Structure formats: structure tokens, C-alpha cells
>>> print(open('input-v2.txt').read())   # compact mmCIF, C-alpha atoms and all ligand atoms
# COMPACT_ATOMS: atom_id res chain seq x y z
CA MET A 2 94.07 109.18 -9.40
CA THR A 3 90.44 108.18 -9.57
CA HIS A 4 88.82 107.56 -6.21
CA PRO A 5 86.10 104.96 -5.82
CA ASN A 6 83.67 107.43 -4.24
CA HIS A 7 81.28 109.92 -5.75
CA LEU A 8 78.70 112.38 -4.42
CA PHE A 9 76.10 109.69 -3.84
CA THR A 10 78.32 107.09 -2.15
CA PRO A 11 77.24 106.71 1.50
CA LEU A 12 79.70 107.98 4.11
CA ASP A 13 80.35 106.05 7.32
CA LEU A 14 81.34 107.99 10.42
CA ARG A 15 81.37 105.77 13.52
CA SER A 16 77.81 104.45 13.94
CA ILE A 17 76.19 106.63 11.29
CA ARG A 18 75.88 106.20 7.56
CA THR A 19 74.83 109.16 5.45
CA ARG A 20 72.88 108.32 2.29
CA ASN A 21 75.10 110.64 0.25
CA ARG A 22 77.88 113.17 0.79
CA ILE A 23 75.70 116.24 0.56
CA PHE A 24 75.63 117.99 3.93
CA VAL A 25 73.64 121.09 4.78
CA SER A 26 75.94 123.73 6.23
CA PRO A 27 74.91 125.30 9.55
CA MET A 28 72.99 128.55 9.05
CA CYS A 29 71.73 130.88 11.77
CA GLN A 30 68.03 131.63 11.44
CA TYR A 31 67.60 134.21 14.22
CA SER A 32 64.15 132.78 14.87
CA SER A 33 64.23 131.71 18.53
CA THR A 34 63.02 133.20 21.77
CA ASP A 35 65.19 132.28 24.77
CA GLY A 36 66.94 129.70 22.61
CA HIS A 37 63.87 127.58 21.85
CA ALA A 38 63.36 125.86 18.50
CA THR A 39 60.22 126.93 16.64
CA ASP A 40 58.08 125.79 13.72
CA TRP A 41 60.46 127.77 11.52
CA HIS A 42 63.33 125.42 12.43
CA LEU A 43 61.20 122.35 11.82
CA VAL A 44 60.20 123.49 8.33
CA HIS A 45 63.62 124.96 7.46
CA LEU A 46 65.69 121.95 8.57
CA GLY A 47 62.97 119.45 7.67
CA SER A 48 62.92 120.63 4.06
CA TYR A 49 66.53 119.49 3.62
CA ALA A 50 65.61 115.97 4.74
CA THR A 51 62.68 115.79 2.34
CA GLY A 52 65.02 117.38 -0.21
CA GLY A 53 67.42 114.44 -0.04
CA ALA A 54 70.48 115.74 1.85
CA GLY A 55 72.60 113.14 3.63
CA LEU A 56 73.29 115.10 6.82
CA VAL A 57 71.80 118.33 8.10
CA VAL A 58 73.71 120.51 10.55
CA SER A 59 71.62 122.81 12.74
CA GLU A 60 72.58 126.45 12.99
CA ALA A 61 75.15 127.56 15.59
CA THR A 62 73.34 126.47 18.76
CA ALA A 63 74.48 128.27 21.89
CA VAL A 64 75.95 126.28 24.78
CA ALA A 65 75.45 129.29 27.11
CA PRO A 66 73.07 132.25 26.89
CA GLU A 67 75.95 134.74 26.77
CA GLY A 68 77.41 132.70 23.87
CA ARG A 69 74.58 133.59 21.48
CA ILE A 70 75.50 135.66 18.44
CA SER A 71 72.12 137.35 18.87
CA TYR A 72 69.24 137.15 21.32
CA ALA A 73 67.28 135.22 18.68
CA ASP A 74 69.76 132.32 18.33
CA LEU A 75 68.90 128.70 18.90
CA GLY A 76 70.19 127.40 22.24
CA ILE A 77 70.89 124.19 24.13
CA TRP A 78 72.12 125.46 27.50
CA ASP A 79 69.02 124.24 29.32
CA ASN A 80 67.16 120.92 29.52
CA GLY A 81 64.05 122.87 28.54
CA HIS A 82 65.44 123.20 25.00
CA VAL A 83 65.46 119.46 24.37
CA ASP A 84 61.80 118.75 23.52
CA GLY A 85 61.59 121.38 20.78
CA LEU A 86 64.74 120.01 19.16
CA ARG A 87 63.54 116.40 19.39
CA ARG A 88 60.62 117.19 17.09
CA ILE A 89 63.12 118.25 14.46
CA THR A 90 65.52 115.33 14.82
CA SER A 91 62.72 112.77 14.61
CA PHE A 92 61.44 114.37 11.40
CA LEU A 93 64.93 114.43 9.86
CA THR A 94 65.57 110.83 10.85
CA GLU A 95 62.21 109.67 9.52
CA HIS A 96 63.09 111.21 6.16
CA GLY A 97 66.55 109.69 5.85
CA ALA A 98 68.85 112.55 6.86
CA VAL A 99 71.31 112.35 9.75
CA PRO A 100 70.53 115.15 12.24
CA ALA A 101 73.68 116.93 13.41
CA ILE A 102 73.97 119.93 15.69
CA GLN A 103 76.54 122.70 15.65
CA LEU A 104 77.45 123.60 19.23
CA ALA A 105 78.63 127.15 19.52
CA HIS A 106 79.79 129.97 21.73
CA ALA A 107 80.19 133.35 20.03
CA GLY A 108 82.65 134.85 22.54
CA ARG A 109 83.35 138.49 21.71
CA LYS A 110 81.11 138.30 18.62
CA ALA A 111 78.03 137.75 20.84
CA ALA A 112 75.19 140.11 21.74
CA THR A 113 74.37 141.41 18.26
CA ALA A 114 70.96 141.76 16.62
CA PRO A 115 69.49 139.65 13.80
CA PRO A 116 71.02 141.07 10.62
CA TRP A 117 67.73 142.24 9.14
CA LEU A 118 66.63 144.09 12.32
CA GLY A 119 69.67 146.31 12.80
CA ALA A 120 71.29 147.41 16.05
CA LYS A 121 68.18 149.37 17.11
CA SER A 122 66.46 146.15 18.10
CA LEU A 123 69.00 145.75 20.93
CA ASN A 124 67.28 148.43 23.00
CA ALA A 125 64.76 146.11 24.69
CA PRO A 126 65.70 144.43 28.01
CA GLY A 127 67.58 141.11 27.76
CA ARG A 128 68.63 141.76 24.17
CA THR A 129 72.23 142.61 24.83
CA TRP A 130 74.83 141.63 27.41
CA GLU A 131 78.55 141.78 28.10
CA PRO A 132 80.36 139.31 25.84
CA VAL A 133 83.28 137.19 27.08
CA SER A 134 86.41 136.17 25.23
CA ALA A 135 90.01 134.96 25.33
CA THR A 136 90.93 138.65 25.24
CA ASP A 137 89.51 141.97 26.37
CA ARG A 138 89.94 143.54 22.93
CA PRO A 139 86.76 144.03 20.88
CA PHE A 140 86.23 142.56 17.39
CA SER A 141 85.92 146.02 15.80
CA GLU A 142 85.54 149.65 16.79
CA LYS A 143 81.79 149.22 16.73
CA SER A 144 81.72 146.02 18.83
CA PRO A 145 81.35 145.94 22.62
CA ALA A 146 84.55 145.25 24.57
CA PRO A 147 84.46 141.69 25.92
CA ARG A 148 85.39 140.60 29.42
CA ARG A 149 88.44 138.32 29.42
CA LEU A 150 87.57 134.90 30.84
CA THR A 151 89.59 133.83 33.88
CA THR A 152 91.50 130.57 33.64
CA GLU A 153 88.78 128.78 35.65
CA GLU A 154 86.03 130.24 33.50
CA ALA A 155 87.85 129.21 30.33
CA ALA A 156 88.16 125.64 31.65
CA ALA A 157 84.42 125.65 32.36
CA VAL A 158 83.66 126.35 28.69
CA ALA A 159 84.63 122.76 27.85
CA THR A 160 82.03 121.57 30.36
CA GLN A 161 79.38 123.83 28.85
CA PHE A 162 80.04 122.25 25.45
CA ALA A 163 79.98 118.73 26.90
CA ASP A 164 76.73 119.31 28.80
CA ALA A 165 75.21 120.68 25.61
CA ALA A 166 76.38 117.58 23.73
CA GLY A 167 74.64 115.41 26.32
CA ARG A 168 71.39 117.33 25.78
CA ALA A 169 71.88 117.06 22.01
CA ALA A 170 72.07 113.28 22.30
CA ASP A 171 68.86 113.33 24.41
CA ALA A 172 67.25 115.43 21.69
CA GLY A 173 68.09 112.79 19.05
CA PHE A 174 71.05 114.38 17.29
CA ARG A 175 73.35 111.67 15.95
CA ALA A 176 76.40 113.80 15.27
CA VAL A 177 77.92 116.82 16.98
CA GLU A 178 79.85 119.63 15.31
CA ILE A 179 81.98 121.91 17.50
CA HIS A 180 82.06 125.44 16.10
CA ALA A 181 85.69 126.51 16.31
CA ALA A 182 85.60 128.78 13.23
CA HIS A 183 84.52 132.24 12.00
CA GLY A 184 86.05 134.20 14.85
CA TYR A 185 83.81 132.77 17.58
CA LEU A 186 85.00 131.85 21.07
CA LEU A 187 87.07 128.71 20.39
CA HIS A 188 88.64 130.36 17.35
CA GLN A 189 89.43 133.39 19.57
CA PHE A 190 91.53 131.01 21.66
CA LEU A 191 93.17 129.35 18.61
CA SER A 192 94.27 132.44 16.74
CA PRO A 193 97.38 134.44 17.69
CA LEU A 194 95.46 137.52 16.48
CA THR A 195 93.03 137.30 19.41
CA ASN A 196 94.69 135.13 22.04
CA ASP A 197 96.86 137.47 24.12
CA ARG A 198 96.69 135.35 27.28
CA ASP A 199 99.58 134.34 29.49
CA ASP A 200 97.85 131.46 31.30
CA ARG A 201 97.65 127.80 30.23
CA TYR A 202 95.12 128.69 27.50
CA GLY A 203 97.43 131.12 25.73
CA GLY A 204 100.96 131.53 24.45
CA ASP A 205 102.30 128.92 22.04
CA PHE A 206 100.35 126.61 19.73
CA ASP A 207 99.80 124.02 22.49
CA GLY A 208 98.39 126.67 24.81
CA ARG A 209 96.11 128.18 22.20
CA ILE A 210 94.62 124.83 21.11
CA ARG A 211 94.22 123.62 24.72
CA LEU A 212 90.63 124.79 25.24
CA LEU A 213 89.45 123.20 21.99
CA MET A 214 91.28 119.94 22.81
CA GLU A 215 89.75 119.86 26.32
CA THR A 216 86.35 120.51 24.75
CA ILE A 217 86.81 117.59 22.38
CA VAL A 218 87.83 115.24 25.20
CA ALA A 219 84.89 116.35 27.37
CA ILE A 220 82.41 115.91 24.51
CA ARG A 221 83.76 112.48 23.57
CA GLU A 222 83.44 111.40 27.21
CA MET A 223 79.85 112.66 27.27
CA VAL A 224 78.61 111.14 23.99
CA GLY A 225 80.53 107.85 24.05
CA GLU A 226 82.16 106.02 21.16
CA ASP A 227 79.27 105.76 18.68
CA THR A 228 78.62 109.43 17.97
CA PRO A 229 80.73 111.17 15.35
CA VAL A 230 82.35 114.38 16.52
CA MET A 231 82.97 116.95 13.81
CA VAL A 232 84.82 120.23 14.19
CA ARG A 233 84.40 123.32 12.01
CA ILE A 234 87.58 125.34 11.80
CA SER A 235 88.66 128.43 9.99
CA ALA A 236 91.54 126.67 8.29
CA THR A 237 93.26 130.01 7.69
CA ASP A 238 92.80 133.54 9.03
CA TRP A 239 93.98 134.88 5.63
CA HIS A 240 96.26 137.19 7.65
CA PRO A 241 100.08 137.26 7.75
CA ASP A 242 100.13 137.15 11.58
CA GLY A 243 97.21 134.77 11.97
CA TRP A 244 96.32 131.08 12.08
CA THR A 245 97.61 129.24 9.01
CA ALA A 246 96.69 126.19 6.93
CA LEU A 247 99.74 124.41 8.37
CA ASP A 248 98.45 125.11 11.89
CA SER A 249 95.19 123.51 10.77
CA VAL A 250 96.96 120.37 9.56
CA GLU A 251 98.75 119.98 12.89
CA LEU A 252 95.55 120.68 14.84
CA ALA A 253 93.62 118.17 12.72
CA ARG A 254 96.26 115.52 13.38
CA ARG A 255 95.92 116.07 17.12
CA MET A 256 92.13 116.14 16.89
CA ARG A 257 92.13 112.82 15.02
CA GLU A 258 94.19 111.31 17.84
CA ALA A 259 91.69 112.74 20.34
CA GLY A 260 88.79 111.04 18.58
CA VAL A 261 87.48 113.66 16.14
CA ASP A 262 86.04 112.09 13.00
CA PHE A 263 85.56 114.94 10.54
CA VAL A 264 87.01 118.42 10.02
CA ASP A 265 84.71 120.92 8.31
CA CYS A 266 87.10 123.36 6.65
CA SER A 267 85.87 126.92 6.47
CA SER A 268 88.01 130.06 6.83
CA GLY A 269 88.24 133.64 8.05
CA GLY A 270 86.14 135.69 10.45
CA ILE A 271 88.61 136.39 13.24
CA VAL A 272 89.32 140.06 12.51
CA PRO A 273 87.61 142.54 10.18
CA GLY A 274 89.17 143.97 7.05
CA VAL A 275 90.82 140.79 5.77
CA ARG A 276 90.90 140.10 2.03
CA ILE A 277 89.44 136.68 1.29
CA PRO A 278 89.96 135.30 -2.23
CA MET A 279 86.31 134.38 -2.78
CA GLY A 280 85.31 132.39 -5.83
CA ALA A 281 83.82 129.03 -6.74
CA GLY A 282 85.04 126.41 -4.26
CA TYR A 283 87.48 128.90 -2.71
CA GLN A 284 87.97 126.86 0.48
CA THR A 285 88.12 123.39 -1.10
CA ALA A 286 91.93 123.40 -1.29
CA LEU A 287 91.99 123.81 2.52
CA ALA A 288 89.84 120.70 2.98
CA SER A 289 92.18 118.85 0.67
CA GLN A 290 95.32 120.00 2.48
CA VAL A 291 93.95 119.04 5.91
CA ARG A 292 92.68 115.67 4.61
CA GLU A 293 96.02 114.82 3.03
CA GLY A 294 98.20 116.25 5.80
CA ALA A 295 96.33 114.88 8.82
CA GLY A 296 94.74 111.70 7.43
CA ILE A 297 91.26 112.67 8.58
CA ALA A 298 87.91 112.96 6.81
CA THR A 299 87.13 116.52 5.77
CA GLY A 300 84.26 118.57 4.46
CA ALA A 301 84.62 121.22 1.77
CA VAL A 302 82.41 124.30 2.04
CA GLY A 303 82.09 127.66 0.33
CA LEU A 304 80.54 128.51 -3.03
CA ILE A 305 79.89 124.92 -4.01
CA THR A 306 76.80 125.24 -6.17
CA THR A 307 76.73 122.76 -9.06
CA PRO A 308 76.32 118.97 -8.96
CA GLU A 309 79.33 118.46 -11.22
CA GLN A 310 81.56 120.63 -9.02
CA ALA A 311 80.42 118.81 -5.86
CA ASP A 312 80.84 115.38 -7.45
CA GLN A 313 84.32 116.29 -8.67
CA ILE A 314 85.42 117.30 -5.15
CA ILE A 315 84.52 113.83 -3.89
CA ARG A 316 85.78 111.92 -6.94
CA SER A 317 89.16 113.64 -6.85
CA GLY A 318 89.55 112.90 -3.14
CA GLN A 319 89.74 116.54 -2.10
CA ALA A 320 87.13 116.02 0.62
CA ASP A 321 84.83 113.32 1.96
CA ALA A 322 81.68 115.43 1.90
CA VAL A 323 80.53 118.81 0.65
CA LEU A 324 78.60 121.30 2.76
CA LEU A 325 76.25 123.68 1.00
CA GLY A 326 74.85 126.82 2.57
CA ARG A 327 73.25 129.51 0.46
CA GLU A 328 72.57 127.19 -2.47
CA MET A 329 70.40 125.12 -0.09
CA LEU A 330 68.50 128.26 0.95
CA ARG A 331 67.80 128.85 -2.73
CA ASP A 332 66.86 125.23 -3.38
CA PRO A 333 66.23 122.84 -0.48
CA HIS A 334 65.78 120.09 -3.10
CA TRP A 335 69.32 120.57 -4.40
CA ALA A 336 70.31 116.98 -3.55
CA GLN A 337 67.46 115.63 -5.66
CA ARG A 338 68.33 117.88 -8.58
CA ALA A 339 71.96 116.80 -8.25
CA ALA A 340 70.99 113.13 -8.31
CA LYS A 341 68.94 113.71 -11.43
CA ALA A 342 71.77 115.66 -13.11
CA LEU A 343 74.35 112.98 -12.24
CA ASP A 344 72.06 110.13 -13.22
CA ARG A 345 71.80 108.64 -9.74
CA GLU A 346 68.78 107.33 -7.90
CA VAL A 347 66.89 110.36 -6.57
CA PRO A 348 66.59 110.37 -2.73
CA SER A 349 62.91 111.31 -2.68
CA PRO A 350 60.14 110.77 -0.14
CA SER A 351 57.25 108.72 -1.59
CA GLN A 352 55.05 111.80 -1.51
CA TYR A 353 57.32 113.58 -4.02
CA GLU A 354 58.23 110.66 -6.26
CA ARG A 355 56.07 111.81 -9.15
CA ALA A 356 58.25 114.90 -9.41
CA TRP A 357 61.21 112.77 -10.45
C1 LIG B 1 72.25 132.83 6.61
C2 LIG B 1 73.58 132.22 6.98
C3 LIG B 1 73.81 131.83 8.28
C4 LIG B 1 75.01 131.19 8.63
N1 LIG B 1 75.18 130.71 9.90
C5 LIG B 1 76.25 129.93 10.18
C6 LIG B 1 76.33 129.22 11.40
O1 LIG B 1 75.41 129.24 12.22
N2 LIG B 1 77.44 128.48 11.64
C7 LIG B 1 78.46 128.38 10.71
O2 LIG B 1 79.44 127.70 10.97
N3 LIG B 1 78.39 129.01 9.54
C8 LIG B 1 77.30 129.76 9.23
N4 LIG B 1 77.18 130.33 8.00
C9 LIG B 1 78.20 130.02 6.98
C10 LIG B 1 77.75 128.83 6.13
O3 LIG B 1 77.59 127.66 6.90
C11 LIG B 1 78.75 128.54 5.00
O4 LIG B 1 79.97 128.15 5.57
C12 LIG B 1 78.98 129.76 4.09
O5 LIG B 1 77.74 130.37 3.75
C13 LIG B 1 79.71 129.38 2.81
O6 LIG B 1 79.02 128.36 2.11
P1 LIG B 1 78.03 128.70 0.87
O7 LIG B 1 78.83 129.44 -0.15
O8 LIG B 1 77.57 127.34 0.38
O9 LIG B 1 76.90 129.52 1.39
C14 LIG B 1 76.02 131.00 7.64
C15 LIG B 1 75.78 131.46 6.34
C16 LIG B 1 74.58 132.05 5.99
C17 LIG B 1 74.36 132.45 4.56
>>> encode(input="input-v2.txt", output="C-alpha cells", more="lines below")
Ligand SMILES: Cc1cc2nc3c(=O)[nH]c(=O)nc-3n(C[C@H](O)[C@H](O)[C@H](O)COP(=O)(O)O)c2cc1C
Amino acid sequence: MTHPNHLFTPLDLRSIRTRNRIFVSPMCQYSSTDGHATDWHLVHLGSYATGGAGLVVSEATAVAPEGRISYADLGIWDNGHVDGLRRITSFLTEHGAVPAIQLAHAGRKAATAPPWLGAKSLNAPGRTWEPVSATDRPFSEKSPAPRRLTTEEAAAVATQFADAAGRAADAGFRAVEIHAAHGYLLHQFLSPLTNDRDDRYGGDFDGRIRLLMETIVAIREMVGEDTPVMVRISATDWHPDGWTALDSVELARRMREAGVDFVDCSSGGIVPGVRIPMGAGYQTALASQVREGAGIATGAVGLITTPEQADQIIRSGQADAVLLGREMLRDPHWAQRAAKALDREVPSPSQYERAW
């Protein structure tokens, strides 16, 4: 069946309209001190707005200091973070991209070093700390053992996310993405591979999804009805005893009922040593299954690199938007090149028009 939409059809999510369906996938930059945004973030994220993307998702932005993947992560646990972020959102908005923020807590995968600095850089004070998790089991033999959150502490995580969402709105972000994927804290609660709790946040499917559902409700209450709430999930753990695509469909159905607008379908990351069938568009079928099964807008992500491939995903109704990561790092003007290749009007700032 041919769908009426293509890569350059605007997408409406609550009060926002994206100029096309090209979203920039969240990507950690490890370029902050004490969580503050820097000139790097302005230029990095800003280049995607001048490059024509429809929506730009900030990197995993920590809702609590102990929830940072590394000491150099972006953060939004303090009101002092807001001004630095506002500079970025106003630039993105001025250049036609919707600014979105990924709110994150790394759980037991916290307290690492930026990948290019190696573990040695953890030796300085304040650069490492005790991670927390659903469990007290570490991610791998090399990872620090986390402290298991008490029931009260787990409940408080939802409030940390909601408070962060309030600050994000103050900072000018017009959409919020909850990071519940890649083996980070909320995923540690979702997956039977990491949730070994016997309180209300563990046990069966309802128990394991409870913290994410409470987080969604708290965020919706904080941001009101106009702001789209997106959730990134690992739609499968790629593990026989793990979270499955069918679990994702059921979760997405419940999230839709709770007021989530968009499910960003990634995969993996919960335990090491899993075989992931990587290849062009390797996660797109998951976005399609969740979209079809739960009747909710989805994003496809993972090795989407060519305009024709991206356009086809939208045209065939497999997803409502595509998220590009590494291809955007290689070419922040990818959306403009795609428009040119697909014979659409190029979303270009006046300053760059002569290029097209
Ligand atoms: C440098 C880098 C940093 C990343 N940081 C994040 C992140 O902060 N949050 C997240 O959900 N995914 C993160 N990812 C994963 C990407 O968002 C994306 O899902 C993944 O790279 C697959 O898409 P791609 O093939 O288009 O790169 C990161 C990927 C890269 C390459």
C-alpha cells in the first residue's frame, strides 16, 4: 500500500510540526563540566538546524549527577543548567528545527570515562561514583557493582525525570524524549535480565514497566498537554531470556494510553556479549512492528544512511520519522543533500542558499 507521506512531509506531534521527518538521533558528546552545555553543544546541535533536520534530540542529558554515563555528560538536574541550554534551543528554533531533549539516567552503566580518554581519566576527584540500579549486579566483570535502589528511591526517579522535564521546558525544549533504552536505568527496570527485584518495581511485566509508566505520568503532568513526549526503547534485548519485541508492542500500547506520542525504536545494550544482527536499517522492522501493533507513531533508527532508504521507510509506513546518528556526524547537511537527491525543496538558511 502506498502511504501519502514521504521524508519531507511535515509531522505533527501535539503542538509541534516538524518541517520534515528527518530527526537527529541523540549522541553523547562528553564535552561538559558539571553537566553544563558548552560552545561545542551549540555548534554541534546548531549545525543540524542549519543543515535542515526537522527535529534535533540532544544527547542523553542526566536527570541526576549519579545518572551520568561519564563525568563529562550534559546534565539538567539543576536550575543552573537552564541558561546554557536555552542558547541552544533558541538557535535551533530560529533555524527551523524542533529542539528536543533526551532525559536520561545511566543506572549501573554510569561513572565511566569519555570513550577517547580511557579509564585512567577516572582517577581525579569527582570523576567516579557508586552507580545505582534496579539490581546490585554489575553490567560486566569490569564494571563497578551498583547499589540497588530502595523502593522509595526508585519511586523518586520518576520525580527526578519530571523535574528535569520542567527545566527542559524552561530552557525552550519543545519535545521530551525519555531514555528507556540501551541498558540504562529505566531499561534495567524493564528487562527480566536485570530486574531481580521483589518489590512493586519488579516481578512480572506490570511490575517491571511500573517505574517507566510512573515517569511518563509525572512528566506529562509537569509539561502539560502541548508538549510531545517521546520514549526511546530497546525494542528487543536480542536475548532468549530478555525483553522481546512483543513486550515492546504491549508497552507501547500502554504508553499511548498514558499520553506518549512517539516511540523511538532502538535495541540492545542491556547485557554484554549479545549478537546483534547489524546491517542497513537493522532496527526498522521493530519500529514497524510497534507502530502496527500499538497504533502509535514510531521512529526508525540504526544504519539509515541514504535518502532513498529513509524515504522508503516513511513511504511504506514502517515508521513516522527516521533518526540518523553517525551519518549526521559525517554530514550535518544530510537533510539538505537528501532534499536535493529526492527533488524536494531544500530546507536551507538564506546564508547557504547559493549552495543549492
Ligand atoms: C557518538 C555517539 C553517541 C551516542 N549517544 C547516544 C545517546 O546519548 N543516547 C542514545 O539514545 N543513543 C546514543 N547513541 C546511539 C545513536 O543515537 C543511534 O541510535 C545509533 O548510533 C544507531 O544509529 P546510526 O546507525 O544512525 O548511528 C550514540 C551513538 C553515537 C555514535
>>> residues_around(input="input-v2.txt", residues="A:Gly55", least_positions_apart="5", cutoff="10 Å", atoms="all atoms listed in the file", output="list in words")
Phe9, Pro11, Leu12, Arg18, Thr19, Arg20, Asn21, Arg22, Ile23, Phe24, Val25, Tyr49, Ala50, Leu93, Gly97, Ala98, Val99, Pro100, Ala322, Ala336 and Pro348 of chain A
>>> atom_distance(input="input-v2.txt", atom1="atom CA of A:Pro139", atom2="atom C7 of ligand LIG 1 (chain B)")
20.4 Å
>>> atom_distance(input="input-v2.txt", atom1="atom CA of A:Ala339", atom2="atom CA of A:Ala356")
13.9 Å
>>> residues_around(input="input-v2.txt", residues="A:Thr34", least_positions_apart="4", cutoff="8 Å", atoms="all atoms listed in the file", output="list of chain:residue names")
A:Tyr72, A:Ala73, A:Asp74, A:Leu75
>>> closest_atom_pairs(input="input-v2.txt", of="chain A", to="ligand LIG 1 (chain B)", cutoff="7 Å", atoms="all atoms listed in the file", output="Markdown table")
| residue | atom | partner | partner_atom | distance |
| --- | --- | --- | --- | --- |
| A:Ser26 | CA | B:LIG1 | O3 | 4.3 |
| A:Pro27 | CA | B:LIG1 | O3 | 4.4 |
| A:Met28 | CA | B:LIG1 | N1 | 3.2 |
| A:Cys29 | CA | B:LIG1 | N1 | 3.9 |
| A:Gln30 | CA | B:LIG1 | C1 | 6.5 |
| A:Glu60 | CA | B:LIG1 | O1 | 4.0 |
| A:Ala61 | CA | B:LIG1 | O1 | 3.8 |
| A:His180 | CA | B:LIG1 | O2 | 6.2 |
| A:Ala182 | CA | B:LIG1 | O2 | 6.6 |
| A:His183 | CA | B:LIG1 | O2 | 6.9 |
| A:Arg233 | CA | B:LIG1 | O2 | 6.7 |
| A:Ser267 | CA | B:LIG1 | O4 | 6.1 |
| A:Val302 | CA | B:LIG1 | O6 | 5.3 |
| A:Gly303 | CA | B:LIG1 | O6 | 3.6 |
| A:Leu304 | CA | B:LIG1 | O7 | 3.5 |
| A:Ile305 | CA | B:LIG1 | O8 | 5.5 |
| A:Thr306 | CA | B:LIG1 | O8 | 6.9 |
| A:Leu324 | CA | B:LIG1 | O8 | 6.6 |
| A:Leu325 | CA | B:LIG1 | O8 | 3.9 |
| A:Gly326 | CA | B:LIG1 | O8 | 3.5 |
| A:Arg327 | CA | B:LIG1 | O9 | 3.8 |
| A:Glu328 | CA | B:LIG1 | O8 | 5.8 |
>>> closest_residue(input="input-v2.txt", among="A:Ala236, A:Val261, A:Ala125, A:Val158", to="A:Tyr283", atoms="only C-alpha atoms")
A:Ala236
>>> residues_around(input="input-v2.txt", residues="stretch 112-123 of chain A", least_positions_apart="5", cutoff="8 Å", atoms="all atoms listed in the file", output="short mmCIF file (atom, residue, chain, number, x, y, z; two decimals) with C-alpha atoms, keeping the file's coordinate frame")
data_model
loop_
_atom_site.label_atom_id
_atom_site.label_comp_id
_atom_site.auth_asym_id
_atom_site.auth_seq_id
_atom_site.Cartn_x
_atom_site.Cartn_y
_atom_site.Cartn_z
CA TYR A 31 67.60 134.21 14.22
CA GLU A 67 75.95 134.74 26.77
CA ARG A 69 74.58 133.59 21.48
CA ILE A 70 75.50 135.66 18.44
CA SER A 71 72.12 137.35 18.87
CA TYR A 72 69.24 137.15 21.32
CA ALA A 73 67.28 135.22 18.68
CA ARG A 128 68.63 141.76 24.17
CA THR A 129 72.23 142.61 24.83
CA TRP A 130 74.83 141.63 27.41
CA GLU A 131 78.55 141.78 28.10
CA PRO A 132 80.36 139.31 25.84
#
>>> residues_around(input="input-v2.txt", residues="A:Arg316", least_positions_apart="4", cutoff="12 Å", atoms="all atoms listed in the file", output="VMD selection string")
chain A and resid 2 to 10 22 308 to 312 320 to 323
>>> closest_residue(input="input-v2.txt", among="A:Phe190, A:Ala281, A:His334, A:Glu178", to="A:Leu46", atoms="only C-alpha atoms")
A:His334
>>> residues_around(input="input-v2.txt", residues="A:Ala170", least_positions_apart="6", cutoff="9 Å", atoms="all atoms listed in the file", output="mmCIF file with C-alpha atoms, keeping the file's coordinate frame")
data_model
loop_
_atom_site.group_PDB
_atom_site.id
_atom_site.type_symbol
_atom_site.label_atom_id
_atom_site.label_comp_id
_atom_site.auth_asym_id
_atom_site.auth_seq_id
_atom_site.Cartn_x
_atom_site.Cartn_y
_atom_site.Cartn_z
ATOM 1 C CA ALA A 176 76.400 113.800 15.270
ATOM 2 C CA VAL A 177 77.920 116.820 16.980
ATOM 3 C CA VAL A 224 78.610 111.140 23.990
ATOM 4 C CA THR A 228 78.620 109.430 17.970
#
>>> atom_distance(input="input-v2.txt", atom1="atom CA of A:Thr151", atom2="atom CA of A:Asp200")
9.0 Å
>>> closest_residue(input="input-v2.txt", among="A:Ile314, A:Ala38, A:Ala54, A:Met223", to="A:Met329", atoms="only C-alpha atoms")
A:Ala54
>>> closest_residue(input="input-v2.txt", among="A:Arg87, A:Lys341, A:Lys110, A:Arg276", to="A:Pro147", atoms="only C-alpha atoms")
A:Lys110
>>> decode(input="input-v2.txt", residues="stretch 18-48 of chain A", atoms="C-alpha atoms", output="CSV table (one decimal), in the first residue's frame")
chain,number,residue,atom,x,y,z
A,18,ARG,CA,5.1,20.5,13.5
A,19,THR,CA,8.5,19.3,12.2
A,20,ARG,CA,9.4,20.5,8.7
A,21,ASN,CA,10.4,17.0,7.6
A,22,ARG,CA,10.7,13.5,9.1
A,23,ILE,CA,14.5,13.7,9.5
A,24,PHE,CA,15.4,13.6,13.2
A,25,VAL,CA,18.9,13.8,14.6
A,26,SER,CA,19.4,10.9,17.0
A,27,PRO,CA,20.8,11.7,20.5
A,28,MET,CA,24.5,11.4,20.7
A,29,CYS,CA,26.7,11.9,23.8
A,30,GLN,CA,29.5,14.4,23.3
A,31,TYR,CA,31.3,14.1,26.6
A,32,SER,CA,32.0,17.8,26.4
A,33,SER,CA,30.5,19.2,29.7
A,34,THR,CA,31.9,20.1,33.0
A,35,ASP,CA,29.4,19.6,35.9
A,36,GLY,CA,26.7,19.0,33.3
A,37,HIS,CA,26.8,22.4,31.7
A,38,ALA,CA,26.3,23.0,28.0
A,39,THR,CA,29.2,24.5,26.1
A,40,ASP,CA,30.0,26.1,22.8
A,41,TRP,CA,30.6,22.6,21.5
A,42,HIS,CA,27.0,21.8,22.0
A,43,LEU,CA,25.8,25.0,20.4
A,44,VAL,CA,27.9,24.3,17.3
A,45,HIS,CA,27.2,20.6,17.2
A,46,LEU,CA,23.5,20.7,17.6
A,47,GLY,CA,23.1,24.1,15.8
A,48,SER,CA,24.7,22.6,12.7
